[in-house]
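As provided, work_1.txt (compact mmCIF, C-alpha atoms) reads as follows.
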# COMPACT_ATOMS: atom_id res chain seq x y z
CA MET A 452 -25.24 17.84 -37.37
CA ASN A 453 -27.65 18.11 -34.49
CA ALA A 454 -26.58 18.22 -30.89
CA TRP A 455 -27.41 14.59 -30.12
CA ALA A 456 -25.39 13.29 -33.03
CA LYS A 457 -22.48 15.38 -31.80
CA ILE A 458 -22.72 14.01 -28.29
CA ILE A 459 -22.99 10.45 -29.52
CA SER A 460 -20.03 10.74 -31.87
CA ARG A 461 -17.95 12.28 -29.10
CA LEU A 462 -18.90 9.44 -26.80
CA LEU A 463 -17.93 6.91 -29.46
CA ILE A 464 -14.54 8.52 -29.93
CA ALA A 465 -13.98 8.47 -26.18
CA LEU A 466 -15.00 4.83 -26.03
CA MET A 467 -12.59 3.95 -28.82
CA ILE A 468 -9.77 5.53 -26.87
CA TRP A 469 -10.87 3.75 -23.76
CA THR A 470 -11.19 0.22 -25.15
CA PRO A 471 -7.52 -0.83 -24.96
CA TYR A 472 -7.41 0.04 -21.27
CA GLN A 473 -10.22 -2.28 -20.36
CA ILE A 474 -8.28 -5.49 -19.98
CA ALA A 475 -9.84 -6.68 -16.75
CA THR A 476 -12.16 -9.52 -17.61
CA ALA A 477 -15.75 -9.27 -16.50
CA GLY A 478 -16.23 -10.41 -12.94
CA ILE A 479 -12.58 -10.18 -11.89
CA ILE A 480 -11.67 -7.43 -9.45
CA GLY A 481 -8.52 -5.83 -10.85
CA THR A 482 -5.27 -5.64 -8.92
CA ASP A 483 -5.05 -1.87 -9.34
CA GLN A 484 -8.24 -1.59 -7.31
CA VAL A 485 -6.73 -3.79 -4.63
CA VAL A 486 -3.43 -1.99 -4.52
CA ALA A 487 -4.85 1.53 -4.65
CA SER A 488 -5.35 3.09 -1.27
CA THR A 489 -8.89 3.19 0.08
CA SER A 490 -9.32 6.87 -0.70
CA GLN A 491 -9.00 6.02 -4.36
CA MET A 492 -11.14 2.93 -4.26
CA ASP A 493 -14.40 4.71 -4.94
CA ARG A 494 -12.99 6.47 -7.96
CA THR A 495 -15.37 5.76 -10.76
CA THR A 496 -14.32 4.16 -13.97
CA VAL A 497 -15.87 7.06 -15.83
CA LEU A 498 -13.55 9.54 -14.17
CA ASN A 499 -10.69 7.30 -15.11
CA PHE A 500 -11.45 7.05 -18.77
CA LEU A 501 -12.05 10.78 -19.00
CA SER A 502 -8.63 11.33 -17.45
CA ARG A 503 -7.01 8.92 -19.88
CA SER A 504 -8.43 10.58 -22.94
CA ASP A 505 -7.65 13.97 -21.42
CA VAL A 506 -4.00 13.03 -20.90
CA ALA A 507 -3.82 11.49 -24.40
CA ASN A 508 -5.18 14.74 -25.84
CA LYS A 509 -2.66 16.79 -23.88
CA LEU A 510 0.20 14.65 -25.14
CA GLN A 511 -1.05 15.20 -28.67
CA SER A 512 -1.11 18.94 -28.14
CA LEU A 513 2.53 18.70 -27.02
CA GLY A 514 3.59 17.23 -30.34
CA ILE A 515 2.79 13.51 -30.18
CA ASP A 516 0.71 11.70 -32.81
CA PRO A 517 -2.58 10.15 -31.59
CA ALA A 518 -1.59 6.47 -31.76
CA THR A 519 1.70 7.10 -29.93
CA ALA A 520 -0.09 9.18 -27.32
CA ASN A 521 -2.52 6.34 -26.62
CA ASP A 522 0.32 3.84 -26.28
CA ARG A 523 2.05 6.14 -23.84
CA VAL A 524 -1.02 6.61 -21.70
CA ALA A 525 -1.62 2.84 -21.73
CA ALA A 526 1.67 2.31 -19.90
CA MET A 527 0.55 4.54 -17.00
CA THR A 528 -1.33 3.46 -13.90
CA ASP A 529 -4.68 5.02 -13.01
CA GLN A 530 -2.97 6.97 -10.27
CA GLU A 531 -0.34 8.34 -12.65
CA VAL A 532 -3.03 9.34 -15.14
CA GLN A 533 -4.92 11.12 -12.37
CA SER A 534 -1.89 13.09 -11.30
CA LEU A 535 -1.07 14.07 -14.89
CA ALA A 536 -4.61 15.02 -15.87
CA GLY A 537 -5.01 18.76 -15.97
CA ARG A 538 -1.52 19.67 -14.87
CA ILE A 539 0.92 18.35 -17.43
CA ASN A 540 2.13 21.87 -18.11
CA ALA A 541 2.97 22.47 -14.47
CA MET A 542 5.18 19.40 -14.25
CA PRO A 543 8.93 19.47 -14.74
CA ALA A 544 10.15 18.03 -18.04
CA GLY A 545 13.78 17.01 -17.82
CA GLY A 546 15.53 18.00 -21.00
CA VAL A 547 18.38 20.46 -20.62
CA SER A 548 21.78 19.28 -21.68
CA ASN A 549 24.59 18.59 -19.30
CA GLY A 550 24.68 22.06 -17.85
CA ALA A 551 28.28 21.62 -16.78
CA ALA A 552 28.77 25.36 -16.82
CA VAL A 553 25.94 25.90 -14.39
CA VAL A 554 27.34 23.29 -12.07
CA ILE A 555 30.75 24.95 -12.13
CA ILE A 556 29.10 28.24 -11.23
CA LEU A 557 27.39 26.49 -8.38
CA ILE A 558 30.65 25.03 -7.12
CA ILE A 559 32.30 28.45 -7.25
CA ALA A 560 29.34 29.97 -5.49
CA ALA A 561 29.55 27.31 -2.78
CA ALA A 562 33.27 27.91 -2.34
CA VAL A 563 32.87 31.69 -2.17
CA TRP A 564 30.06 31.29 0.28
CA TRP A 565 32.16 28.96 2.42
CA PHE A 566 35.06 31.40 2.63
CA TRP A 567 32.68 34.20 3.32
CA GLN A 568 31.22 32.19 6.23
CA ARG A 569 34.67 31.85 7.83
CA MET B 637 46.59 13.18 3.79
CA GLN B 638 43.74 13.48 6.20
CA ASN B 639 43.94 17.23 5.85
CA ALA B 640 43.93 17.04 2.06
CA ARG B 641 40.86 14.85 2.15
CA SER B 642 39.00 17.21 4.38
CA LEU B 643 39.75 20.07 2.08
CA ALA B 644 38.90 18.15 -1.05
CA GLY B 645 35.55 16.85 0.06
CA VAL B 646 32.78 19.37 -0.21
CA PHE B 647 30.95 16.61 1.61
CA ILE B 648 32.96 17.29 4.74
CA LEU B 649 33.00 20.98 3.98
CA ALA B 650 29.27 20.95 4.24
CA ALA B 651 29.45 19.52 7.75
CA LEU B 652 32.17 22.02 8.72
CA CYS B 653 30.38 25.17 7.70
CA GLY B 654 27.07 23.98 8.96
CA CYS B 655 25.23 24.80 5.77
CA ALA B 656 22.95 21.86 6.40
CA GLY B 657 20.01 23.72 4.97
CA LEU B 658 21.43 23.64 1.48
CA PHE B 659 22.19 19.93 1.51
CA PRO B 660 20.65 18.48 4.68
CA GLN B 661 21.14 14.82 3.82
CA THR B 662 24.80 15.16 2.92
CA ALA B 663 25.42 16.68 6.33
CA THR B 664 23.92 13.71 8.15
CA LEU B 665 25.03 11.02 5.73
CA ARG B 666 28.02 10.11 7.87
CA GLU B 667 25.82 8.70 10.58
CA THR B 668 23.13 7.24 8.38
CA LEU B 669 25.19 5.40 5.78
CA PRO B 670 24.31 1.73 6.27
CA GLN B 671 27.26 -0.15 7.70
CA GLU B 672 27.16 -2.93 5.12
CA LEU B 673 27.69 -0.57 2.18
CA HIS B 674 31.04 -0.46 0.46
CA ARG B 675 32.83 2.84 0.79
CA LYS B 676 33.52 3.01 -2.91
CA VAL B 677 31.43 1.62 -5.76
CA GLU B 678 31.50 2.29 -9.46
CA LEU B 679 29.38 0.40 -11.98
CA LYS B 680 31.91 0.79 -14.74
CA GLU B 681 30.19 -1.54 -17.21
CA VAL B 682 26.99 0.54 -17.31
CA PRO B 683 26.62 1.70 -20.93
CA PHE B 684 26.70 5.34 -21.92
CA PHE B 685 24.52 7.09 -24.48
CA PRO B 686 25.52 10.70 -25.05
CA GLN B 687 22.52 12.97 -25.07
CA ARG B 688 21.25 14.65 -28.21
CA GLU B 689 19.77 18.08 -27.58
CA TYR B 690 17.10 18.09 -24.87
CA GLN B 691 16.93 14.31 -24.91
CA CYS B 692 18.49 13.42 -21.59
CA GLY B 693 15.30 11.48 -20.77
CA PRO B 694 15.63 8.94 -23.60
CA ALA B 695 19.41 8.77 -23.09
CA SER B 696 19.12 8.09 -19.34
CA LEU B 697 16.39 5.53 -19.87
CA ALA B 698 18.39 3.74 -22.55
CA THR B 699 21.22 3.45 -20.02
CA LEU B 700 18.95 1.79 -17.44
CA LEU B 701 17.16 -0.44 -19.93
CA ASN B 702 20.35 -1.75 -21.52
CA GLU B 703 21.80 -2.41 -18.09
CA ALA B 704 18.62 -4.43 -17.37
CA GLY B 705 19.15 -6.44 -20.55
CA VAL B 706 16.76 -4.61 -22.89
CA LYS B 707 18.52 -3.67 -26.11
CA VAL B 708 17.22 -0.23 -27.06
CA THR B 709 18.76 3.00 -28.26
CA PRO B 710 17.79 6.48 -27.08
CA GLU B 711 16.26 7.01 -30.54
CA ASP B 712 13.90 4.07 -29.91
CA LEU B 713 12.78 5.72 -26.69
CA VAL B 714 12.18 9.20 -28.06
CA PRO B 715 8.61 8.34 -29.17
CA GLU B 716 7.98 6.79 -25.74
CA VAL B 717 9.03 9.60 -23.42
CA TYR B 718 9.99 12.76 -25.28
CA LEU B 719 7.59 15.70 -25.55
CA PRO B 720 8.64 17.98 -28.41
CA GLU B 721 6.68 21.01 -27.21
CA ARG B 722 8.11 20.76 -23.71
CA LYS B 723 11.61 19.92 -24.96
CA GLY B 724 11.87 17.28 -22.29
CA SER B 725 10.41 14.20 -20.62
CA LEU B 726 7.96 13.96 -17.73
CA GLN B 727 8.77 11.94 -14.62
CA ILE B 728 5.61 9.85 -14.94
CA GLU B 729 6.49 8.89 -18.49
CA MET B 730 10.01 7.99 -17.41
CA LEU B 731 8.40 5.55 -14.97
CA ALA B 732 5.85 4.29 -17.49
CA ALA B 733 8.20 3.59 -20.43
CA PRO B 734 10.28 0.74 -18.88
CA ARG B 735 7.04 -1.20 -18.30
CA ARG B 736 6.52 -1.34 -22.05
CA HIS B 737 9.78 -3.31 -22.13
CA GLY B 738 8.80 -5.70 -19.37
CA LEU B 739 10.68 -4.00 -16.53
CA VAL B 740 9.49 -2.94 -13.09
CA SER B 741 9.88 0.82 -12.55
CA TYR B 742 10.33 1.96 -9.00
CA GLN B 743 10.57 5.45 -7.61
CA LEU B 744 13.00 5.52 -4.72
CA ALA B 745 12.26 7.00 -1.34
CA PRO B 746 13.71 10.53 -1.23
CA ARG B 747 16.85 9.54 0.66
CA PHE B 748 20.48 9.96 -0.28
CA SER B 749 21.38 6.74 1.49
CA ASP B 750 18.81 4.84 -0.63
CA LEU B 751 20.46 6.18 -3.76
CA LEU B 752 23.80 4.85 -2.56
CA THR B 753 22.25 1.53 -1.50
CA GLU B 754 20.83 0.95 -4.99
CA ILE B 755 24.15 1.76 -6.63
CA ALA B 756 25.94 -0.57 -4.22
CA ALA B 757 23.45 -3.30 -5.20
CA GLY B 758 24.46 -2.83 -8.84
CA ASN B 759 21.46 -0.79 -9.92
CA PRO B 760 22.13 2.47 -11.78
CA VAL B 761 19.69 5.19 -10.67
CA ILE B 762 18.11 7.97 -12.73
CA VAL B 763 17.95 11.23 -10.78
CA LEU B 764 16.13 14.38 -11.75
CA GLN B 765 18.24 17.48 -11.17
CA ASN B 766 17.58 21.15 -11.54
CA LEU B 767 20.84 22.61 -12.78
CA GLY B 768 19.93 26.22 -13.25
CA LEU B 769 18.34 29.11 -11.48
CA MET B 770 14.93 28.59 -13.05
CA GLU B 771 13.56 25.48 -14.73
CA SER B 772 16.60 23.61 -15.94
CA TRP B 773 15.48 20.06 -15.35
CA HIS B 774 17.91 17.35 -16.26
CA TYR B 775 17.97 13.55 -15.96
CA ALA B 776 21.27 11.88 -15.17
CA VAL B 777 22.22 8.34 -14.20
CA ALA B 778 24.10 7.83 -10.94
CA ILE B 779 26.49 4.89 -11.38
CA GLY B 780 28.94 5.16 -8.51
CA TYR B 781 30.18 6.94 -5.44
CA ASP B 782 33.22 7.41 -3.28
CA TYR B 783 32.10 7.84 0.27
CA ASP B 784 35.39 8.98 1.75
CA TRP B 785 35.83 11.70 -0.83
CA GLY B 786 32.12 12.50 -0.92
CA LYS B 787 31.80 12.12 -4.66
CA LEU B 788 29.04 10.84 -6.90
CA TYR B 789 29.72 9.48 -10.39
CA LEU B 790 27.15 10.01 -13.11
CA ARG B 791 26.48 9.35 -16.76
CA SER B 792 25.14 12.76 -17.63
CA GLY B 793 24.44 14.57 -20.86
CA GLU B 794 27.57 14.38 -22.93
CA SER B 795 29.90 13.28 -20.18
CA ARG B 796 30.53 9.62 -19.74
CA ARG B 797 31.81 10.04 -16.20
CA GLN B 798 30.75 13.17 -14.42
CA VAL B 799 32.16 13.60 -10.92
CA MET B 800 30.01 15.61 -8.55
CA PRO B 801 30.58 16.30 -4.84
CA PHE B 802 27.81 14.92 -2.64
CA ALA B 803 26.80 18.39 -1.51
CA ILE B 804 26.43 19.75 -5.02
CA SER B 805 24.64 16.66 -6.27
CA GLU B 806 22.26 16.90 -3.35
CA PHE B 807 21.69 20.60 -3.95
CA VAL B 808 20.66 20.07 -7.59
CA TRP B 809 18.75 16.86 -6.79
CA MET B 810 16.89 18.22 -3.76
CA ARG B 811 15.01 20.64 -6.01
CA SER B 812 13.11 17.78 -7.65
CA GLY B 813 12.10 16.51 -4.22
CA TYR B 814 14.89 13.91 -4.47
CA TRP B 815 13.19 12.24 -7.41
CA ALA B 816 14.97 9.04 -8.39
CA MET B 817 14.05 5.79 -10.09
CA VAL B 818 15.37 2.36 -10.96
CA ALA B 819 14.08 -0.10 -13.58
CA LEU B 820 14.71 -3.78 -13.01
CA PRO B 821 13.92 -7.07 -14.73
CA PRO B 822 10.86 -8.81 -13.21
CA ASP B 823 12.95 -11.48 -11.50
CA ARG B 824 14.66 -8.90 -9.32
CA ILE B 825 13.65 -6.61 -6.46
CA ALA B 826 15.17 -3.21 -5.77
CA ALA B 827 17.57 -3.14 -2.82
CA THR B 828 15.55 -0.43 -1.05
CA ALA B 829 12.11 -1.78 -2.06
CA ASP B 830 9.30 -1.18 0.37
CA GLU B 831 6.77 -4.02 0.37
CA SER B 832 3.62 -2.09 -0.48
CA ARG B 833 5.26 0.35 -2.87
CA TRP B 834 7.03 -2.47 -4.70
CA LEU B 835 3.69 -4.22 -5.04
CA SER B 836 2.21 -1.11 -6.65
CA ALA B 837 5.19 -1.00 -9.01
CA VAL B 838 4.56 -4.62 -10.02
CA ALA B 839 0.81 -4.05 -10.39
CA ALA B 840 1.59 -1.18 -12.77
CA LEU B 841 3.29 -3.70 -15.05
CA GLU B 842 0.14 -5.83 -15.36
CA ARG B 843 -1.50 -3.83 -18.12
CA PRO B 844 1.52 -3.17 -20.36
CA ASP B 845 3.10 -6.63 -19.96
CA PRO B 846 1.16 -9.37 -18.13
CA ARG B 847 3.85 -11.99 -18.71
CA ALA B 848 6.53 -9.88 -17.08
CA ALA B 849 4.06 -9.00 -14.31
CA ARG B 850 3.47 -12.70 -13.66
CA THR B 851 7.20 -13.22 -13.13
CA ALA B 852 7.39 -10.09 -10.98
CA TYR B 853 4.56 -11.31 -8.73
CA GLN B 854 6.24 -14.68 -8.36
CA THR B 855 9.47 -12.94 -7.39
CA PHE B 856 7.53 -10.75 -4.97
CA LEU B 857 5.85 -13.74 -3.31
CA LYS B 858 9.18 -15.45 -2.77
CA ARG B 859 10.26 -12.44 -0.71
CA TRP B 860 6.91 -11.67 0.94
CA PRO B 861 4.92 -14.94 0.83
CA ASP B 862 2.15 -13.71 3.14
CA ASN B 863 1.04 -10.84 0.94
CA VAL B 864 -2.50 -11.69 -0.15
CA ASN B 865 -2.71 -8.73 -2.54
CA ALA B 866 0.30 -10.04 -4.44
CA ALA B 867 -1.41 -13.43 -4.70
CA ILE B 868 -4.48 -11.70 -6.10
CA GLY B 869 -2.28 -9.93 -8.62
CA LEU B 870 -0.53 -13.15 -9.63
CA ALA B 871 -3.89 -14.86 -10.09
CA ASN B 872 -5.13 -11.92 -12.16
CA THR B 873 -2.16 -12.15 -14.51
CA HIS B 874 -2.72 -15.92 -14.84
CA HIS B 875 -6.36 -15.19 -15.59
CA ALA B 876 -5.51 -12.50 -18.14
CA LEU B 877 -3.14 -14.92 -19.86
CA GLY B 878 -5.86 -17.59 -19.97
CA GLU B 879 -4.14 -19.79 -17.39
CA LEU B 880 -7.29 -20.47 -15.41
CA ARG B 881 -5.97 -23.58 -13.60
CA ASP B 882 -3.00 -21.65 -12.27
CA ALA B 883 -5.19 -18.72 -11.28
CA GLU B 884 -7.48 -21.10 -9.40
CA ALA B 885 -4.58 -22.77 -7.58
CA VAL B 886 -3.12 -19.43 -6.46
CA LEU B 887 -6.52 -18.16 -5.29
CA ARG B 888 -7.32 -21.35 -3.38
CA ARG B 889 -4.07 -21.02 -1.45
CA ALA B 890 -4.86 -17.35 -0.84
CA ALA B 891 -8.36 -18.24 0.36
CA GLN B 892 -6.87 -20.56 2.97
CA ARG B 893 -4.55 -17.83 4.15
CA ALA B 894 -7.19 -15.07 4.09
CA PRO B 895 -10.63 -16.70 4.31
CA ASP B 896 -12.32 -13.32 4.75
CA SER B 897 -10.93 -11.63 1.64
CA VAL B 898 -13.91 -10.65 -0.50
CA ILE B 899 -11.66 -10.09 -3.50
CA VAL B 900 -10.04 -13.51 -3.27
CA LEU B 901 -13.45 -15.19 -2.99
CA ASN B 902 -14.95 -13.15 -5.82
CA ASN B 903 -12.05 -13.76 -8.18
CA LEU B 904 -11.91 -17.45 -7.27
CA ALA B 905 -15.64 -17.76 -8.00
CA GLN B 906 -15.23 -15.97 -11.33
CA THR B 907 -12.27 -18.14 -12.29
CA LEU B 908 -14.21 -21.32 -11.47
CA ALA B 909 -17.17 -20.02 -13.47
CA ASP B 910 -14.85 -19.33 -16.40
CA GLU B 911 -13.71 -22.95 -16.13
CA GLY B 912 -17.36 -23.96 -16.43
CA ARG B 913 -17.67 -24.99 -12.80
CA ASP B 914 -20.55 -22.74 -11.79
CA ALA B 915 -21.82 -24.91 -8.95
CA GLU B 916 -18.46 -24.70 -7.16
CA ALA B 917 -18.27 -21.00 -8.00
CA LEU B 918 -21.62 -20.33 -6.36
CA HIS B 919 -20.31 -21.57 -3.02
CA PHE B 920 -17.49 -19.03 -3.01
CA ILE B 921 -19.50 -16.10 -4.33
CA GLU B 922 -22.13 -16.63 -1.63
CA ARG B 923 -19.38 -16.48 0.97
CA ALA B 924 -18.11 -13.24 -0.60
CA ALA B 925 -21.60 -11.74 -0.70
CA ALA B 926 -22.13 -12.51 2.99
CA LEU B 927 -19.02 -10.50 3.89
CA GLY B 928 -20.18 -7.24 2.24
CA GLY B 929 -17.67 -4.39 2.15
CA PRO B 930 -16.59 -1.91 -0.55
CA PHE B 931 -16.61 -4.50 -3.33
CA ALA B 932 -20.19 -5.63 -2.66
CA GLY B 933 -21.35 -4.19 -5.99
CA ALA B 934 -18.82 -6.17 -8.01
CA VAL B 935 -19.59 -9.31 -5.99
CA GLU B 936 -23.29 -8.93 -6.69
CA GLU B 937 -22.61 -8.69 -10.42
CA THR B 938 -20.53 -11.85 -10.33
CA ARG B 939 -23.21 -13.65 -8.32
CA LYS B 940 -25.97 -12.68 -10.72
CA ALA B 941 -23.98 -13.92 -13.71
CA ILE B 942 -23.19 -17.25 -12.04
CA ARG B 943 -26.80 -17.80 -10.97
CA ALA B 944 -28.08 -16.94 -14.44
CA ARG B 945 -25.82 -19.54 -15.96
CA LEU B 946 -26.84 -22.17 -13.41
CA LYS B 947 -30.51 -21.66 -14.24
CA LYS B 948 -29.98 -22.37 -17.93
Write out the structure in this file as structure tokens.
Amino acid sequence: MNAWAKIISRLLIALMIWTPYQIATAGIIGTDQVVASTSQMDRTTVLNFLSRSDVANKLQSLGIDPATANDRVAAMTDQEVQSLAGRINAMPAGGVSNGAAVVIILIIAAAVWWFWQR
Amino acid sequence: MQNARSLAGVFILAALCGCAGLFPQTATLRETLPQELHRKVELKEVPFFPQREYQCGPASLATLLNEAGVKVTPEDLVPEVYLPERKGSLQIEMLAAPRRHGLVSYQLAPRFSDLLTEIAAGNPVIVLQNLGLMESWHYAVAIGYDYDWGKLYLRSGESRRQVMPFAISEFVWMRSGYWAMVALPPDRIAATADESRWLSAVAALERPDPRAARTAYQTFLKRWPDNVNAAIGLANTHHALGELRDAEAVLRRAAQRAPDSVIVLNNLAQTLADEGRDAEALHFIERAAALGGPFAGAVEETRKAIRARLKK
């Protein structure tokens, strides 16, 4: 496959991912643009759709199937997608179980520390 | 009795030993607790879903969603928020998932008193805690508090009713930057909602669930009737749902209130054009074009399309 065909097929895949996010009808200025702060207003749509497919890809690499990943990204705002793009791995993922033991240790530590202070 | 209370409450203990750095908000909570709040609240009817391994995210969300009237199980929510490779759930996905069920997700301001205010208003709150020394992130649902004893009640992991002193709960919560969220049906507004941040929360619902967003905008406008951006949002949901007459009516009222809003004029013109009334639309789009501003490009597109149709 030559280079052009590669680029075009990649673009088509990206566009397929993008399509469900384009709900704003032609001519209407979307609310997200209105609500977003002015610093974000000049964000281009291109940047946005790259971020969306980027985040969808990341979710897939973390064990989610492609269709589910797209549905999950679709529920995010542009701003949320932007903040996830490129740094999913740096973000906390809440998952540990109760951790009651740890809390008890903390309480003991606090008590010891309190007596030590006196 | 007074003595026993003082000893029992780590909350007061915190103030005594002056360890304000470890739990700064607990130390000042005495002065900042809003007067109108009850001293003791427990939302006993909030359901409980014991966590399966690593899945405190789905379990906490199921608690909030069921409380808001959405019948789901944690298992239903696993494919919506759980990341197998991370063995956990991201905060952004915790906020995004309730929208898929027609609820408004709202991240609270990082204040202990706001947490208590939401609970007192009947809204269980998901908090993100770090329970260990390193990265032990955990979601729990705060469902009650006892102010005098300085205790917070949570649905957490496998315990239906975890009791945590204010100071400890602040210490583990502070490490997530006091991250907390509520999820409410679209006909309600969070007790601590800030106007512009609540509007963003409603706008976020537009894409996943325009019908719920429509209700949420209507609720919003009852509370803050002068907010032109909310009117634009309401009109956009009407437009997306094909309710062009309603969109037009909302935008006309908005145009009276804010005659210089380029967005209102543009969207009104487009709505009229979609109704086949291009001549009327032209009047509004010309007004929008004359105002210029950051949306001039979009306005120009709309104007071109309307003019092209008029020439036919």
When the cut-off is 6 Å and we count all atoms listed in the file, which residues of chain B are near chain A, given as a list in words?
Tyr690, Gln691, Cys692, Pro720, Glu721, Lys723, Gly724, Ser725, Leu726, Ala732, Ser772, Trp773, His774, Tyr775, Gly793, Ala840, Pro844, Gly869, Asn903, Gln906 and Thr938 of chain B
Can you work out the spacing between CA of Met730 in chain B and CA of Leu835 in chain B in Å, to one decimal?
18.5 Å
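The protein and nucleic acid residues lying at most 12 Å from Arg747 in chain B are Phe659, Pro660, Gln661, Thr662, Thr664, Leu665, Thr668, Leu669, Leu752, Thr753, Glu754, Val763, Glu806, Trp809, Met810, Gly813, Tyr814, Trp815, Ala816, Met817 and Thr828 of chain B, with all atoms listed in the file considered and sequence neighbours fewer than 5 positions away removed.
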Just the residues within 7 Å of Val838 in chain B, please, counting all atoms listed in the file, with nothing from its chain fewer than 3 positions along; format it as a ChimeraX atom specification.
/B:740,834-835,841,849,852-853
Name the residues in contact with Lys948 in chain B at a cut-off of 12 Å, using only C-alpha atoms, excluding same-chain residues fewer than 6 positions from it; report them as a PyMOL selection string.
chain B and resi 914+941-942
With C-alpha atoms retained, write the just-selected residues as an mmCIF file, keeping the file's coordinate frame.
data_model
loop_
_atom_site.group_PDB
_atom_site.id
_atom_site.type_symbol
_atom_site.label_atom_id
_atom_site.label_comp_id
_atom_site.auth_asym_id
_atom_site.auth_seq_id
_atom_site.Cartn_x
_atom_site.Cartn_y
_atom_site.Cartn_z
ATOM 1 C CA ASP B 914 -20.550 -22.740 -11.790
ATOM 2 C CA ALA B 941 -23.980 -13.920 -13.710
ATOM 3 C CA ILE B 942 -23.190 -17.250 -12.040
#
Could you work out how far CA of Arg833 in chain B lies from CA of Gly537 in chain A, giving the answer in Å with one decimal?
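Taking CA of Gly537 in chain A and CA of Arg833 in chain B, their separation equals 24.8 Å.
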Which value, in Å to one decimal, gives the distance between CA of Glu879 in chain B and CA of Ile825 in chain B?
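Separation of CA of Glu879 in chain B and CA of Ile825 in chain B: 24.7 Å.
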Give me the residues within 8 Å of range 931-937 of chain B as a list in words, counting only C-alpha atoms and dropping any in the same chain fewer than 3 places off.
Gly478 and Ile480 of chain A; Val898, Ile899, Asn902, Ile921, Ala924, Ala925, Gly928, Lys940 and Ala941 of chain B
Resulting file, chosen residues, C-alpha atoms, as an mmCIF file, keeping the file's coordinate frame:
data_model
loop_
_atom_site.group_PDB
_atom_site.id
_atom_site.type_symbol
_atom_site.label_atom_id
_atom_site.label_comp_id
_atom_site.auth_asym_id
_atom_site.auth_seq_id
_atom_site.Cartn_x
_atom_site.Cartn_y
_atom_site.Cartn_z
ATOM 1 C CA GLY A 478 -16.230 -10.410 -12.940
ATOM 2 C CA ILE A 480 -11.670 -7.430 -9.450
ATOM 3 C CA VAL B 898 -13.910 -10.650 -0.500
ATOM 4 C CA ILE B 899 -11.660 -10.090 -3.500
ATOM 5 C CA ASN B 902 -14.950 -13.150 -5.820
ATOM 6 C CA ILE B 921 -19.500 -16.100 -4.330
ATOM 7 C CA ALA B 924 -18.110 -13.240 -0.600
ATOM 8 C CA ALA B 925 -21.600 -11.740 -0.700
ATOM 9 C CA GLY B 928 -20.180 -7.240 2.240
ATOM 10 C CA LYS B 940 -25.970 -12.680 -10.720
ATOM 11 C CA ALA B 941 -23.980 -13.920 -13.710
#
Shortest interatomic distance to Val708 in chain B - which of B:Ala695, B:Ala891, B:Leu877, B:Leu820, counting all atoms listed in the file:
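Looking at the shortest contact to Val708 in chain B, the residue is B:Ala695.
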Could you check the closest approach to Gln687 in chain B for each of B:Val714, B:Ala883, B:Ala756, B:Met800 and tell me which residue wins, using only C-alpha atoms?
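Checking each candidate against Gln687 in chain B, we get B:Val714 as the closest.
Using all atoms listed in the file, the nearest neighbour of Asp784 in chain B within the list B:Lys676, B:Arg943, B:Arg893, B:Arg796 is B:Lys676.
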Counting all atoms listed in the file, which of B:Val808, B:Val706, B:Val777, B:Leu901 gets nearest to Asn759 in chain B?
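Closest candidate: B:Val777.
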For Leu731 in chain B, find every residue with an atom within 8 Å (counting all atoms listed in the file), except residues of its own chain fewer than 3 positions away, and show them as a ChimeraX atom specification.
/B:727-728,734-735,741-743,817
